[in-house]
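Here is final03.cif, consisting of mmCIF, C-alpha atoms and all ligand atoms:
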data_my_file
#
loop_
_atom_site.group_PDB
_atom_site.id
_atom_site.type_symbol
_atom_site.label_atom_id
_atom_site.label_comp_id
_atom_site.auth_asym_id
_atom_site.auth_seq_id
_atom_site.Cartn_x
_atom_site.Cartn_y
_atom_site.Cartn_z
ATOM 1 C CA MET U 1137 -51.468 39.416 -16.345
ATOM 2 C CA SER U 1138 -48.088 38.623 -14.919
ATOM 3 C CA ILE U 1139 -45.336 37.268 -17.135
ATOM 4 C CA ARG U 1140 -43.134 36.454 -14.208
ATOM 5 C CA PRO U 1141 -41.638 32.972 -14.673
ATOM 6 C CA SER U 1142 -43.263 30.599 -12.236
ATOM 7 C CA ARG U 1143 -40.304 28.271 -11.749
ATOM 8 C CA SER U 1144 -39.802 26.837 -8.303
ATOM 9 C CA PRO U 1145 -36.390 27.499 -6.679
ATOM 10 C CA LEU U 1146 -35.624 23.784 -7.052
ATOM 11 C CA VAL U 1147 -36.124 23.911 -10.825
ATOM 12 C CA ALA U 1148 -34.019 27.045 -10.955
ATOM 13 C CA ILE U 1149 -31.166 25.096 -9.345
ATOM 14 C CA ALA U 1150 -31.762 21.738 -10.994
ATOM 15 C CA LEU U 1151 -32.134 22.929 -14.581
ATOM 16 C CA PRO U 1152 -28.669 24.480 -14.955
ATOM 17 C CA LEU U 1153 -27.266 21.346 -13.320
ATOM 18 C CA VAL U 1154 -28.929 19.079 -15.885
ATOM 19 C CA VAL U 1155 -27.627 21.308 -18.651
ATOM 20 C CA ALA U 1156 -24.121 21.210 -17.188
ATOM 21 C CA VAL U 1157 -24.146 17.422 -16.812
ATOM 22 C CA THR U 1158 -25.544 16.917 -20.327
ATOM 23 C CA ALA U 1159 -22.819 19.161 -21.683
ATOM 24 C CA LEU U 1160 -20.234 16.889 -20.068
ATOM 25 C CA VAL U 1161 -21.487 13.681 -21.680
ATOM 26 C CA PRO U 1162 -20.111 14.205 -25.201
ATOM 27 C CA THR U 1163 -16.716 15.180 -23.736
ATOM 28 C CA THR U 1164 -16.535 11.936 -21.771
ATOM 29 C CA ALA U 1165 -17.579 9.866 -24.768
ATOM 30 C CA ALA U 1166 -14.961 11.593 -26.909
ATOM 31 C CA ALA U 1167 -12.272 10.919 -24.295
ATOM 32 C CA GLN U 1168 -13.168 7.212 -24.311
ATOM 33 C CA ASP U 1169 -13.043 7.103 -28.091
ATOM 34 C CA GLU U 1170 -9.440 8.217 -28.000
ATOM 35 C CA GLY U 1171 -8.050 4.869 -26.885
ATOM 36 C CA PRO U 1172 -8.965 1.205 -26.849
ATOM 37 C CA GLU U 1173 -10.574 -0.357 -23.773
ATOM 38 C CA PRO U 1174 -7.900 -1.973 -21.570
ATOM 39 C CA THR U 1175 -8.419 -5.481 -20.172
ATOM 40 C CA PRO U 1176 -9.278 -5.770 -16.447
ATOM 41 C CA GLU U 1177 -5.762 -7.184 -15.888
ATOM 42 C CA THR U 1178 -4.215 -4.114 -17.488
ATOM 43 C CA GLU U 1179 -6.403 -1.752 -15.469
ATOM 44 C CA TYR U 1180 -5.568 -3.588 -12.261
ATOM 45 C CA ARG U 1181 -1.838 -3.522 -13.019
ATOM 46 C CA GLN U 1182 -2.016 0.190 -13.794
ATOM 47 C CA SER U 1183 -3.869 0.787 -10.515
ATOM 48 C CA LEU U 1184 -1.078 -0.977 -8.633
ATOM 49 C CA MET U 1185 1.574 1.067 -10.436
ATOM 50 C CA ILE U 1186 -0.211 4.366 -9.783
ATOM 51 C CA SER U 1187 -0.649 3.415 -6.108
ATOM 52 C CA LEU U 1188 3.054 2.679 -5.938
ATOM 53 C CA GLN U 1189 3.843 6.077 -7.424
ATOM 54 C CA HIS U 1190 1.567 7.904 -5.003
ATOM 55 C CA HIS U 1191 2.822 6.115 -1.899
ATOM 56 C CA MET U 1192 6.396 6.849 -3.015
ATOM 57 C CA ARG U 1193 5.537 10.529 -3.446
ATOM 58 C CA ALA U 1194 3.835 10.730 -0.059
ATOM 59 C CA LEU U 1195 6.773 8.964 1.565
ATOM 60 C CA GLY U 1196 9.152 11.369 -0.163
ATOM 61 C CA ALA U 1197 7.252 14.340 1.255
ATOM 62 C CA LEU U 1198 7.516 12.852 4.750
ATOM 63 C CA ALA U 1199 11.167 11.873 4.430
ATOM 64 C CA GLY U 1200 12.049 15.287 3.023
ATOM 65 C CA GLY U 1201 10.309 17.029 5.928
ATOM 66 C CA ASP U 1202 7.825 18.839 3.630
ATOM 67 C CA VAL U 1203 5.030 17.669 5.906
ATOM 68 C CA ALA U 1204 5.171 16.619 9.534
ATOM 69 C CA PHE U 1205 2.936 13.544 9.603
ATOM 70 C CA ASP U 1206 5.810 11.420 10.836
ATOM 71 C CA ASP U 1207 3.517 8.671 12.079
ATOM 72 C CA HIS U 1208 2.371 8.038 8.468
ATOM 73 C CA LEU U 1209 5.792 6.893 7.329
ATOM 74 C CA GLN U 1210 5.415 3.276 8.359
ATOM 75 C CA ALA U 1211 2.016 2.847 6.708
ATOM 76 C CA HIS U 1212 3.329 4.134 3.363
ATOM 77 C CA ALA U 1213 6.411 1.923 3.569
ATOM 78 C CA SER U 1214 4.270 -1.082 4.400
ATOM 79 C CA ALA U 1215 1.944 -0.323 1.465
ATOM 80 C CA ILE U 1216 4.930 -0.012 -0.875
ATOM 81 C CA GLU U 1217 6.224 -3.424 0.153
ATOM 82 C CA GLY U 1218 2.731 -4.903 -0.254
ATOM 83 C CA ILE U 1219 2.297 -3.440 -3.730
ATOM 84 C CA ALA U 1220 5.759 -4.571 -4.796
ATOM 85 C CA THR U 1221 4.809 -8.101 -3.738
ATOM 86 C CA MET U 1222 1.448 -7.940 -5.536
ATOM 87 C CA ALA U 1223 3.147 -6.614 -8.668
ATOM 88 C CA GLY U 1224 4.640 -10.096 -9.045
ATOM 89 C CA ASP U 1225 1.139 -11.448 -9.757
ATOM 90 C CA ALA U 1226 0.043 -8.593 -11.979
ATOM 91 C CA PHE U 1227 1.691 -9.706 -15.224
ATOM 92 C CA PRO U 1228 -0.031 -12.954 -16.207
ATOM 93 C CA ALA U 1229 1.203 -14.317 -19.534
ATOM 94 C CA GLY U 1230 -0.125 -12.426 -22.528
ATOM 95 C CA SER U 1231 -1.995 -9.835 -20.450
ATOM 96 C CA GLY U 1232 -0.747 -6.875 -22.484
ATOM 97 C CA GLY U 1233 -2.820 -5.677 -25.393
ATOM 98 C CA PRO U 1234 -5.102 -2.684 -25.904
ATOM 99 C CA GLY U 1235 -4.468 0.263 -23.624
ATOM 100 C CA SER U 1236 -1.462 -1.393 -22.011
ATOM 101 C CA ARG U 1237 2.068 -0.064 -21.954
ATOM 102 C CA SER U 1238 3.481 -3.478 -21.095
ATOM 103 C CA SER U 1239 6.014 -4.522 -23.694
ATOM 104 C CA ASP U 1240 5.809 -8.039 -25.160
ATOM 105 C CA SER U 1241 9.439 -8.396 -24.106
ATOM 106 C CA ILE U 1242 8.146 -8.924 -20.522
ATOM 107 C CA TRP U 1243 6.870 -12.350 -21.546
ATOM 108 C CA GLU U 1244 9.545 -13.028 -24.145
ATOM 109 C CA ASP U 1245 12.309 -12.314 -21.658
ATOM 110 C CA TRP U 1246 10.576 -13.222 -18.413
ATOM 111 C CA ASP U 1247 13.775 -13.916 -16.424
ATOM 112 C CA ALA U 1248 15.180 -10.481 -17.196
ATOM 113 C CA PHE U 1249 11.843 -8.957 -16.186
ATOM 114 C CA LEU U 1250 11.861 -10.890 -12.906
ATOM 115 C CA GLU U 1251 15.316 -9.537 -12.136
ATOM 116 C CA LYS U 1252 13.972 -5.999 -12.451
ATOM 117 C CA LEU U 1253 10.996 -6.880 -10.329
ATOM 118 C CA GLU U 1254 13.258 -8.311 -7.647
ATOM 119 C CA VAL U 1255 15.196 -5.040 -7.443
ATOM 120 C CA LEU U 1256 11.893 -3.351 -6.598
ATOM 121 C CA GLN U 1257 10.856 -6.050 -4.142
ATOM 122 C CA THR U 1258 14.201 -6.170 -2.348
ATOM 123 C CA GLY U 1259 14.299 -2.388 -2.093
ATOM 124 C CA ALA U 1260 10.701 -2.213 -0.872
ATOM 125 C CA ALA U 1261 11.355 -4.845 1.818
ATOM 126 C CA ALA U 1262 14.427 -2.907 2.990
ATOM 127 C CA LEU U 1263 12.431 0.336 2.949
ATOM 128 C CA ASN U 1264 9.669 -1.126 5.064
ATOM 129 C CA ALA U 1265 12.095 -2.726 7.538
ATOM 130 C CA ALA U 1266 13.932 0.598 7.911
ATOM 131 C CA ALA U 1267 10.683 2.532 8.380
ATOM 132 C CA GLN U 1268 9.367 0.109 11.006
ATOM 133 C CA ALA U 1269 12.705 0.401 12.826
ATOM 134 C CA GLY U 1270 12.632 4.203 12.564
ATOM 135 C CA ASP U 1271 16.074 4.212 10.926
ATOM 136 C CA MET U 1272 15.852 7.292 8.699
ATOM 137 C CA ALA U 1273 19.296 6.896 7.156
ATOM 138 C CA ALA U 1274 18.329 3.403 6.010
ATOM 139 C CA VAL U 1275 14.962 4.740 4.800
ATOM 140 C CA GLU U 1276 16.789 7.233 2.580
ATOM 141 C CA GLU U 1277 19.075 4.583 1.163
ATOM 142 C CA ALA U 1278 16.230 2.164 0.423
ATOM 143 C CA ARG U 1279 14.102 4.959 -1.024
ATOM 144 C CA GLY U 1280 16.851 5.584 -3.572
ATOM 145 C CA GLN U 1281 17.004 1.887 -4.398
ATOM 146 C CA VAL U 1282 13.234 1.643 -4.890
ATOM 147 C CA GLY U 1283 13.188 4.867 -6.926
ATOM 148 C CA SER U 1284 15.837 3.654 -9.323
ATOM 149 C CA SER U 1285 14.087 0.293 -9.709
ATOM 150 C CA CYS U 1286 11.154 2.092 -11.392
ATOM 151 C CA ARG U 1287 13.342 3.573 -14.110
ATOM 152 C CA GLY U 1288 15.335 0.362 -14.381
ATOM 153 C CA CYS U 1289 12.261 -1.613 -15.373
ATOM 154 C CA HIS U 1290 10.368 1.053 -17.311
ATOM 155 C CA THR U 1291 13.331 1.674 -19.603
ATOM 156 C CA ASP U 1292 13.327 -1.913 -20.801
ATOM 157 C CA PHE U 1293 9.762 -3.090 -20.352
ATOM 158 C CA ARG U 1294 7.336 -0.159 -20.492
ATOM 159 C CA LEU U 1295 6.249 1.139 -23.878
ATOM 160 C CA ARG U 1296 6.164 4.858 -24.624
ATOM 161 C CA GLU U 1297 2.555 4.720 -25.746
ATOM 162 C CA PRO U 1298 -0.277 2.351 -24.884
ATOM 163 C CA ILE U 1299 -0.859 -0.449 -27.400
ATOM 164 C CA GLY U 1300 -3.439 0.586 -29.972
ATOM 165 C CA GLY U 1301 -3.455 4.147 -28.604
HETATM 166 C C1 LIG V 1401 9.502 -4.894 -12.910
HETATM 167 C C2 LIG V 1401 9.069 -3.795 -13.720
HETATM 168 C C3 LIG V 1401 8.532 -2.530 -13.109
HETATM 169 C C4 LIG V 1401 8.939 -1.892 -11.968
HETATM 170 C C5 LIG V 1401 10.048 -2.298 -11.012
HETATM 171 C C6 LIG V 1401 8.117 -0.722 -11.848
HETATM 172 N N1 LIG V 1401 7.236 -0.635 -12.894
HETATM 173 FE FE1 LIG V 1401 5.854 0.810 -13.200
HETATM 174 N N2 LIG V 1401 5.236 -0.120 -14.877
HETATM 175 C C7 LIG V 1401 5.772 -1.273 -15.399
HETATM 176 C C8 LIG V 1401 5.060 -1.648 -16.603
HETATM 177 C C9 LIG V 1401 5.339 -2.847 -17.476
HETATM 178 C C10 LIG V 1401 4.064 -0.678 -16.787
HETATM 179 C C11 LIG V 1401 2.997 -0.636 -17.892
HETATM 180 C C12 LIG V 1401 1.761 -1.370 -17.348
HETATM 181 C C13 LIG V 1401 0.668 -1.542 -18.383
HETATM 182 O O1 LIG V 1401 0.193 -0.493 -18.879
HETATM 183 O O2 LIG V 1401 0.319 -2.685 -18.696
HETATM 184 C C14 LIG V 1401 4.215 0.284 -15.694
HETATM 185 C C15 LIG V 1401 3.419 1.396 -15.526
HETATM 186 C C16 LIG V 1401 3.608 2.350 -14.555
HETATM 187 C C17 LIG V 1401 2.828 3.558 -14.432
HETATM 188 C C18 LIG V 1401 1.721 4.027 -15.387
HETATM 189 C C19 LIG V 1401 0.397 3.436 -14.988
HETATM 190 C C20 LIG V 1401 -0.695 3.786 -16.003
HETATM 191 O O3 LIG V 1401 -1.822 4.084 -15.585
HETATM 192 O O4 LIG V 1401 -0.453 3.751 -17.210
HETATM 193 C C21 LIG V 1401 3.285 4.222 -13.332
HETATM 194 C C22 LIG V 1401 2.788 5.526 -12.766
HETATM 195 C C23 LIG V 1401 4.359 3.423 -12.761
HETATM 196 N N3 LIG V 1401 4.532 2.295 -13.538
HETATM 197 C C24 LIG V 1401 5.058 3.763 -11.630
HETATM 198 C C25 LIG V 1401 6.072 2.980 -11.078
HETATM 199 C C26 LIG V 1401 6.846 3.367 -9.929
HETATM 200 C C27 LIG V 1401 6.674 4.666 -9.156
HETATM 201 C C28 LIG V 1401 7.733 2.369 -9.708
HETATM 202 C C29 LIG V 1401 8.793 2.261 -8.658
HETATM 203 C C30 LIG V 1401 8.490 2.596 -7.305
HETATM 204 C C31 LIG V 1401 7.508 1.359 -10.721
HETATM 205 N N4 LIG V 1401 6.498 1.775 -11.533
HETATM 206 C C32 LIG V 1401 8.234 0.187 -10.822
HETATM 207 C C33 LIG V 1401 6.813 -1.992 -14.886
HETATM 208 C C34 LIG V 1401 7.471 -1.722 -13.692
#
Render the structure in this file as C-alpha cells.
Ligand code: HEC
Amino acid sequence: MSIRPSRSPLVAIALPLVVAVTALVPTTAAAQDEGPEPTPETEYRQSLMISLQHHMRALGALAGGDVAFDDHLQAHASAIEGIATMAGDAFPAGSGGPGSRSSDSIWEDWDAFLEKLEVLQTGAAALNAAAQAGDMAAVEEARGQVGSSCRGCHTDFRLREPIGG
C-alpha cells in the first residue's frame, strides 16, 4: 500500500496560499483597530494631499534631471494645479474628526487658512504656466513657492497626530 500523498498539483499550490492569506487577516484587523475610521471627506482630502505630494516628488525628479522623461513635466504640473484647486473644496465645515489631522483652527480661523491655501494655488498656477511654456527657470522658482506653501499651512493647521489616534 502506498502512503504517497495524493494531492493534486493545484492543491499543493493553493493550500499554502490559503494559509498565507489567512495568516494575513489578523494582521490587517489589528492594523485597523489601531485608529478610528476616518470620514469619507477626510479620506478624500488625504488622497488629494498624498497625490499632491507624489506629483511634487515626480516633478522634482524631472526638474532635477534624475530621470529623463522630460515630456512628463507638463502633466505633473497640470495635475498639481488641478489638485491645488480641488483642495479648496476639500475642507467642508466641521469635516475633521476621527482619523483626521485637520486642526479645528481651520474652521475657527478660516480666513487665515484661505490665505495659506492661496499661496499654494498661486504657486501651482505659476508652476503650471511655466511648465506649459517650457520655462525651466520659472518652473524652479514656482516649485520653491509651492514647496514652501506645504510647510506654511501644515505648521499652523495640520495636527501632529490624527484625532482619536
Ligand atoms: C492650506 C493648507 C495646506 C496646504 C497648502 C498643504 N496642505 Fe497638506 N495637509 C493639510 C491638512 C489640514 C492636512 C491634514 C488633512 C486631514 O487629515 O484631514 C494635510 C495633510 C497632508 C498629508 C498627509 C495625508 C494623510 O494621509 O494623512 C500630506 C502628505 C500632505 N498634506 C502633503 C502636502 C504637500 C506636498 C503640500 C504642498 C505641495 C501640501 N500638503 C499643502 C493642509 C495643507
(message) Quick one: residues within 8 Å of range 1207-1214 of chain U, all atoms listed in the file, excluding same-chain residues fewer than 2 positions away - as a PyMOL selection string?
(response) chain U and resi 1191-1192+1194-1195+1198-1199+1205+1216-1218+1260+1263-1264+1267-1268
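In this comparison, which uses only C-alpha atoms and all ligand atoms, the residue of U:Gly1200, U:Gly1270, U:Gly1233, U:Pro1172 approaching ligand LIG 1401 (chain V) most closely is U:Gly1233.
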When the cut-off is 7 Å and you count only C-alpha atoms and all ligand atoms, which residues lie near ligand LIG 1401 (chain V), shown as a PDB file with C-alpha atoms, in the frame of the given file?
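What landed in selection_32.pdb:
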ATOM      1  CA  THR U1178      -4.215  -4.114 -17.488  1.00  0.00           C
ATOM      2  CA  ARG U1181      -1.838  -3.522 -13.019  1.00  0.00           C
ATOM      3  CA  GLN U1182      -2.016   0.190 -13.794  1.00  0.00           C
ATOM      4  CA  SER U1183      -3.869   0.787 -10.515  1.00  0.00           C
ATOM      5  CA  MET U1185       1.574   1.067 -10.436  1.00  0.00           C
ATOM      6  CA  ILE U1186      -0.211   4.366  -9.783  1.00  0.00           C
ATOM      7  CA  LEU U1188       3.054   2.679  -5.938  1.00  0.00           C
ATOM      8  CA  GLN U1189       3.843   6.077  -7.424  1.00  0.00           C
ATOM      9  CA  MET U1192       6.396   6.849  -3.015  1.00  0.00           C
ATOM     10  CA  GLY U1232      -0.747  -6.875 -22.484  1.00  0.00           C
ATOM     11  CA  GLY U1235      -4.468   0.263 -23.624  1.00  0.00           C
ATOM     12  CA  SER U1236      -1.462  -1.393 -22.011  1.00  0.00           C
ATOM     13  CA  ARG U1237       2.068  -0.064 -21.954  1.00  0.00           C
ATOM     14  CA  SER U1238       3.481  -3.478 -21.095  1.00  0.00           C
ATOM     15  CA  SER U1239       6.014  -4.522 -23.694  1.00  0.00           C
ATOM     16  CA  PHE U1249      11.843  -8.957 -16.186  1.00  0.00           C
ATOM     17  CA  LEU U1250      11.861 -10.890 -12.906  1.00  0.00           C
ATOM     18  CA  LYS U1252      13.972  -5.999 -12.451  1.00  0.00           C
ATOM     19  CA  LEU U1253      10.996  -6.880 -10.329  1.00  0.00           C
ATOM     20  CA  VAL U1255      15.196  -5.040  -7.443  1.00  0.00           C
ATOM     21  CA  LEU U1256      11.893  -3.351  -6.598  1.00  0.00           C
ATOM     22  CA  VAL U1282      13.234   1.643  -4.890  1.00  0.00           C
ATOM     23  CA  GLY U1283      13.188   4.867  -6.926  1.00  0.00           C
ATOM     24  CA  SER U1285      14.087   0.293  -9.709  1.00  0.00           C
ATOM     25  CA  CYS U1286      11.154   2.092 -11.392  1.00  0.00           C
ATOM     26  CA  ARG U1287      13.342   3.573 -14.110  1.00  0.00           C
ATOM     27  CA  GLY U1288      15.335   0.362 -14.381  1.00  0.00           C
ATOM     28  CA  CYS U1289      12.261  -1.613 -15.373  1.00  0.00           C
ATOM     29  CA  HIS U1290      10.368   1.053 -17.311  1.00  0.00           C
ATOM     30  CA  PHE U1293       9.762  -3.090 -20.352  1.00  0.00           C
ATOM     31  CA  ARG U1294       7.336  -0.159 -20.492  1.00  0.00           C
ATOM     32  CA  PRO U1298      -0.277   2.351 -24.884  1.00  0.00           C
TER      33      PRO U1298
END
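Between CA of Phe1227 in chain U and CA of Glu1244 in chain U the interatomic distance comes to 12.3 Å.
Checking U:Ala1229, U:Ala1262, U:Ile1299, U:Ala1204 one by one against Asp1245 in chain U, counting all atoms listed in the file, you find the shortest gap at U:Ala1229.
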Output, as lines of an AutoDock Vina configuration file, the centre and edge lengths in Å (one decimal) of the axis-aligned box that contains all listed atoms of range 1285-1298 of chain U with 8 Å of margin on each side.
center_x = 7.5
center_y = 0.9
center_z = -17.7
size_x = 31.6
size_y = 23.9
size_z = 32.0
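Of the listed residues U:Ala1223, U:Ser1241, U:Asp1271, U:Ala1215, the one whose atoms come nearest to Leu1295 in chain U is U:Ser1241, with distances taken using only C-alpha atoms.
Our summary of the geometry notes that CA of Thr1291 in chain U is positioned 29.4 Å from CA of Asp1202 in chain U.
Atom pair CA of Pro1228 in chain U / CA of Glu1177 in chain U has a distance of 8.1 Å (rounded to one decimal).
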Missing atoms in range 1229-1259 of chain U: fill them in up to N, CA and C atoms and send the result as an mmCIF file, in the coordinates of the input.
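Final output, selection.cif:
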data_model
loop_
_atom_site.group_PDB
_atom_site.id
_atom_site.type_symbol
_atom_site.label_atom_id
_atom_site.label_comp_id
_atom_site.auth_asym_id
_atom_site.auth_seq_id
_atom_site.Cartn_x
_atom_site.Cartn_y
_atom_site.Cartn_z
ATOM 1 N N ALA U 1229 0.735 -14.177 -18.152
ATOM 2 C CA ALA U 1229 1.203 -14.317 -19.534
ATOM 3 C C ALA U 1229 0.193 -13.742 -20.524
ATOM 4 N N GLY U 1230 0.704 -12.952 -21.447
ATOM 5 C CA GLY U 1230 -0.125 -12.426 -22.528
ATOM 6 C C GLY U 1230 -1.160 -11.394 -22.097
ATOM 7 N N SER U 1231 -0.967 -10.767 -20.929
ATOM 8 C CA SER U 1231 -1.995 -9.835 -20.450
ATOM 9 C C SER U 1231 -1.735 -8.385 -20.881
ATOM 10 N N GLY U 1232 -0.929 -8.221 -21.931
ATOM 11 C CA GLY U 1232 -0.747 -6.875 -22.484
ATOM 12 C C GLY U 1232 -1.956 -6.537 -23.350
ATOM 13 N N GLY U 1233 -1.707 -5.953 -24.482
ATOM 14 C CA GLY U 1233 -2.820 -5.677 -25.393
ATOM 15 C C GLY U 1233 -3.352 -4.269 -25.263
ATOM 16 N N PRO U 1234 -4.569 -4.045 -25.789
ATOM 17 C CA PRO U 1234 -5.102 -2.684 -25.904
ATOM 18 C C PRO U 1234 -5.009 -1.867 -24.620
ATOM 19 N N GLY U 1235 -4.525 -0.648 -24.766
ATOM 20 C CA GLY U 1235 -4.468 0.263 -23.624
ATOM 21 C C GLY U 1235 -3.319 0.008 -22.675
ATOM 22 N N SER U 1236 -2.559 -1.047 -22.911
ATOM 23 C CA SER U 1236 -1.462 -1.393 -22.011
ATOM 24 C C SER U 1236 -0.138 -0.832 -22.529
ATOM 25 N N ARG U 1237 0.710 -0.472 -21.578
ATOM 26 C CA ARG U 1237 2.068 -0.064 -21.954
ATOM 27 C C ARG U 1237 3.069 -1.163 -21.622
ATOM 28 N N SER U 1238 2.579 -2.354 -21.365
ATOM 29 C CA SER U 1238 3.481 -3.478 -21.095
ATOM 30 C C SER U 1238 4.036 -3.991 -22.415
ATOM 31 N N SER U 1239 5.358 -4.042 -22.482
ATOM 32 C CA SER U 1239 6.014 -4.522 -23.694
ATOM 33 C C SER U 1239 5.930 -6.046 -23.774
ATOM 34 N N ASP U 1240 5.800 -6.578 -24.977
ATOM 35 C CA ASP U 1240 5.809 -8.039 -25.160
ATOM 36 C C ASP U 1240 7.097 -8.656 -24.629
ATOM 37 N N SER U 1241 8.154 -7.847 -24.570
ATOM 38 C CA SER U 1241 9.439 -8.396 -24.106
ATOM 39 C C SER U 1241 9.354 -8.864 -22.650
ATOM 40 N N ILE U 1242 8.345 -8.416 -21.893
ATOM 41 C CA ILE U 1242 8.146 -8.924 -20.522
ATOM 42 C C ILE U 1242 8.010 -10.439 -20.561
ATOM 43 N N TRP U 1243 7.167 -10.913 -21.495
ATOM 44 C CA TRP U 1243 6.870 -12.350 -21.546
ATOM 45 C C TRP U 1243 7.893 -13.094 -22.395
ATOM 46 N N GLU U 1244 8.513 -12.386 -23.323
ATOM 47 C CA GLU U 1244 9.545 -13.028 -24.145
ATOM 48 C C GLU U 1244 10.841 -13.209 -23.360
ATOM 49 N N ASP U 1245 11.053 -12.307 -22.409
ATOM 50 C CA ASP U 1245 12.309 -12.314 -21.658
ATOM 51 C C ASP U 1245 11.982 -12.268 -20.166
ATOM 52 N N TRP U 1246 11.162 -13.214 -19.749
ATOM 53 C CA TRP U 1246 10.576 -13.222 -18.413
ATOM 54 C C TRP U 1246 11.636 -13.162 -17.304
ATOM 55 N N ASP U 1247 12.751 -13.889 -17.476
ATOM 56 C CA ASP U 1247 13.775 -13.916 -16.424
ATOM 57 C C ASP U 1247 14.387 -12.542 -16.210
ATOM 58 N N ALA U 1248 14.620 -11.839 -17.313
ATOM 59 C CA ALA U 1248 15.180 -10.481 -17.196
ATOM 60 C C ALA U 1248 14.175 -9.552 -16.516
ATOM 61 N N PHE U 1249 12.891 -9.765 -16.818
ATOM 62 C CA PHE U 1249 11.843 -8.957 -16.186
ATOM 63 C C PHE U 1249 11.803 -9.234 -14.683
ATOM 64 N N LEU U 1250 11.886 -10.528 -14.329
ATOM 65 C CA LEU U 1250 11.861 -10.890 -12.906
ATOM 66 C C LEU U 1250 13.021 -10.265 -12.141
ATOM 67 N N GLU U 1251 14.156 -10.185 -12.786
ATOM 68 C CA GLU U 1251 15.316 -9.537 -12.136
ATOM 69 C C GLU U 1251 14.988 -8.105 -11.767
ATOM 70 N N LYS U 1252 14.348 -7.403 -12.700
ATOM 71 C CA LYS U 1252 13.972 -5.999 -12.451
ATOM 72 C C LYS U 1252 12.936 -5.904 -11.336
ATOM 73 N N LEU U 1253 12.031 -6.860 -11.354
ATOM 74 C CA LEU U 1253 10.996 -6.880 -10.329
ATOM 75 C C LEU U 1253 11.613 -7.124 -8.946
ATOM 76 N N GLU U 1254 12.612 -7.996 -8.920
ATOM 77 C CA GLU U 1254 13.258 -8.311 -7.647
ATOM 78 C C GLU U 1254 14.000 -7.105 -7.078
ATOM 79 N N VAL U 1255 14.525 -6.256 -7.941
ATOM 80 C CA VAL U 1255 15.196 -5.040 -7.443
ATOM 81 C C VAL U 1255 14.168 -4.190 -6.682
ATOM 82 N N LEU U 1256 12.975 -4.082 -7.272
ATOM 83 C CA LEU U 1256 11.893 -3.351 -6.598
ATOM 84 C C LEU U 1256 11.524 -4.027 -5.279
ATOM 85 N N GLN U 1257 11.339 -5.343 -5.332
ATOM 86 C CA GLN U 1257 10.856 -6.050 -4.142
ATOM 87 C C GLN U 1257 11.882 -6.042 -3.013
ATOM 88 N N THR U 1258 13.156 -6.203 -3.365
ATOM 89 C CA THR U 1258 14.201 -6.170 -2.348
ATOM 90 C C THR U 1258 14.286 -4.777 -1.724
ATOM 91 N N GLY U 1259 14.238 -3.773 -2.580
ATOM 92 C CA GLY U 1259 14.299 -2.388 -2.093
ATOM 93 C C GLY U 1259 13.104 -2.055 -1.213
#
